[in-house]
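A.B. asks: So that we are looking at the same thing, I have put the structure below in structure tokens.
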Amino acid sequence: MADCELCGVARPTLCPIKVDVPAYRSAFPTGMWMGICEECTNASHKANGLRSKVDGKKCYLCGIKGVDLFSTDIKIPDFSEPYYKDKRRLLCGPCLEAAENAYNIRQKEKAHASHH
Ligand SMILES: [Zn+2]
Ligand SMILES: [Zn+2]
């Protein structure tokens, strides 16, 4: 089990995304691997299509400051009705694109799996 980097939910499998983290650039010059759950790849895909700019301090994933940030609406599972909470995460363009890649890979995997 690993925790999703966006919603914090523990899942048996996560979709790997490569994130360029400015603070760790010297240790990981080509980016760091992070894991997000399938629900969050769907949310990021939607957010990447909408690209609704919001005011914010830094990207939730890579922590970059001073760039355009986009609203990503995710749902966090909850124990009481309606069993989830709406949360907004702010992501930068490159992180949205990284999540979009993970989304596309996941959709391909699913399409492939359904052929068997
Ligand atoms: Zn998630
Ligand atoms: Zn970012």
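Numbering starts fresh at 1 for the residues of each chain in the structure tokens, the chains themselves are lettered A, B, ... in the order given, and ligands are numbered from 1 as they appear.
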Return as CSV the residues of chain A lying at most 7 Å from ligand 2, together with the closest atom-to-atom pair for each and the distance in Å to one decimal, counting only C-alpha atoms and all ligand atoms, with rows in chain order and ascending residue number.

C.D. replies:
```
residue,atom,partner,partner_atom_place_in_ligand_line,distance
A:Val19,CA,ligand 2,1 (Zn),7.0
A:Cys59,CA,ligand 2,1 (Zn),4.6
A:Tyr60,CA,ligand 2,1 (Zn),6.5
A:Leu61,CA,ligand 2,1 (Zn),5.1
A:Cys62,CA,ligand 2,1 (Zn),4.1
A:Gly63,CA,ligand 2,1 (Zn),6.0
A:Ile64,CA,ligand 2,1 (Zn),5.8
A:Leu91,CA,ligand 2,1 (Zn),5.3
A:Cys92,CA,ligand 2,1 (Zn),4.2
A:Gly93,CA,ligand 2,1 (Zn),6.7
A:Pro94,CA,ligand 2,1 (Zn),5.9
A:Cys95,CA,ligand 2,1 (Zn),4.3
```

A.B. asks: Could those residues be written to a file, using C-alpha atoms, as an mmCIF file, in the first residue's frame?

C.D. replies:
```
data_model
loop_
_atom_site.group_PDB
_atom_site.id
_atom_site.type_symbol
_atom_site.label_atom_id
_atom_site.label_comp_id
_atom_site.auth_asym_id
_atom_site.auth_seq_id
_atom_site.Cartn_x
_atom_site.Cartn_y
_atom_site.Cartn_z
ATOM 1 C CA VAL A 19 7.478 15.471 -11.023
ATOM 2 C CA CYS A 59 1.996 23.800 -6.506
ATOM 3 C CA TYR A 60 0.711 21.039 -4.243
ATOM 4 C CA LEU A 61 2.925 18.404 -5.833
ATOM 5 C CA CYS A 62 6.240 20.004 -6.730
ATOM 6 C CA GLY A 63 6.063 23.063 -4.477
ATOM 7 C CA ILE A 64 7.087 25.477 -7.222
ATOM 8 C CA LEU A 91 -1.210 22.262 -9.444
ATOM 9 C CA CYS A 92 1.220 23.875 -11.859
ATOM 10 C CA GLY A 93 1.078 23.205 -15.611
ATOM 11 C CA PRO A 94 3.955 20.676 -15.734
ATOM 12 C CA CYS A 95 2.471 18.667 -12.840
#
```

A.B. asks: If we count only C-alpha atoms and set the cut-off at 9 Å, which residues sit around Asn42 (chain A), ignoring sequence neighbours fewer than 5 positions away in its own chain? Please answer as a ChimeraX atom specification.

C.D. replies: /A:37,47,74,99-100,103

A.B. asks: Can I get the residues close to ligand 1 as a ChimeraX atom specification, where close means within 6 Å and we count only C-alpha atoms and all ligand atoms?

C.D. replies: /A:4,6-7,9,36-37,39-40

A.B. asks: How many Å separate CA of Met32 (chain A) from CA of Gly49 (chain A)?

C.D. replies: 24.1 Å

A.B. asks: Take CA of Ser52 (chain A) and CA of Ser71 (chain A) and report the distance between them in Å, one decimal.

C.D. replies: 5.9 Å

A.B. asks: Interatomic distance between CA of Asp78 (chain A) and CA of Ala2 (chain A)?

C.D. replies: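 We find that CA of Asp78 (chain A) and CA of Ala2 (chain A) lie 18.0 Å from each other.
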
A.B. asks: Rank A:Ile76, A:Lys108, A:Val21, A:Leu90 by their smallest atom-to-atom distance to Lys53 (chain A), using only C-alpha atoms, and report the top residue only.

C.D. replies: A:Leu90

A.B. asks: Tell me which protein, DNA and RNA residues are within 6 Å of region 28-31 of chain A, counting only C-alpha atoms, leaving out same-chain ones fewer than 2 positions away, and put them as a PDB file with N, CA and C atoms, in the first residue's frame.

C.D. replies:
```pdb
ATOM      1  N   LYS A  18       6.012  11.529 -12.932  1.00  0.00           N
ATOM      2  CA  LYS A  18       7.336  12.103 -12.712  1.00  0.00           C
ATOM      3  C   LYS A  18       7.201  13.610 -12.531  1.00  0.00           C
ATOM      4  N   VAL A  19       7.652  14.073 -11.394  1.00  0.00           N
ATOM      5  CA  VAL A  19       7.478  15.471 -11.023  1.00  0.00           C
ATOM      6  C   VAL A  19       8.842  16.131 -10.837  1.00  0.00           C
ATOM      7  N   ASP A  20       9.000  17.275 -11.467  1.00  0.00           N
ATOM      8  CA  ASP A  20      10.234  18.049 -11.310  1.00  0.00           C
ATOM      9  C   ASP A  20      10.087  18.919 -10.064  1.00  0.00           C
ATOM     10  N   TYR A  24      14.360  19.565  -4.816  1.00  0.00           N
ATOM     11  CA  TYR A  24      15.177  18.345  -4.883  1.00  0.00           C
ATOM     12  C   TYR A  24      15.894  18.205  -6.219  1.00  0.00           C
ATOM     13  N   ARG A  25      15.992  19.320  -6.944  1.00  0.00           N
ATOM     14  CA  ARG A  25      16.526  19.237  -8.300  1.00  0.00           C
ATOM     15  C   ARG A  25      17.973  18.741  -8.329  1.00  0.00           C
ATOM     16  N   SER A  26      18.744  19.077  -7.301  1.00  0.00           N
ATOM     17  CA  SER A  26      20.148  18.634  -7.313  1.00  0.00           C
ATOM     18  C   SER A  26      20.239  17.129  -7.103  1.00  0.00           C
TER      19      SER A  26
END
```

A.B. asks: Hey, what does DSSP flag as strand (DSSP E or B) within chain A? Can you give it to me as number ranges by chain?

C.D. replies: A: 2-3, 10-11, 15-19, 32-36, 53-54, 58, 65, 69-77, 84-92

A.B. asks: So, counting only C-alpha atoms, which residue among A:Phe70, A:His115, A:Trp33, A:Asn48 is closest to Glu97 (chain A)?

C.D. replies: A:Asn48

A.B. asks: Extract, using only C-alpha atoms, all DNA, RNA and protein residues at most 8 Å from Ala102 (chain A), discarding same-chain residues fewer than 5 positions from it, and format them as a list in words.

C.D. replies: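 Final neighbour list, sorted by chain and number: Cys15, Pro16, Ile17 and Thr41 of chain A.
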
A.B. asks: What residues in chain A get the DSSP label alpha helix (DSSP H)? Please answer as an MDAnalysis selection string.

C.D. replies: chainID A and resid 38:50 93:114
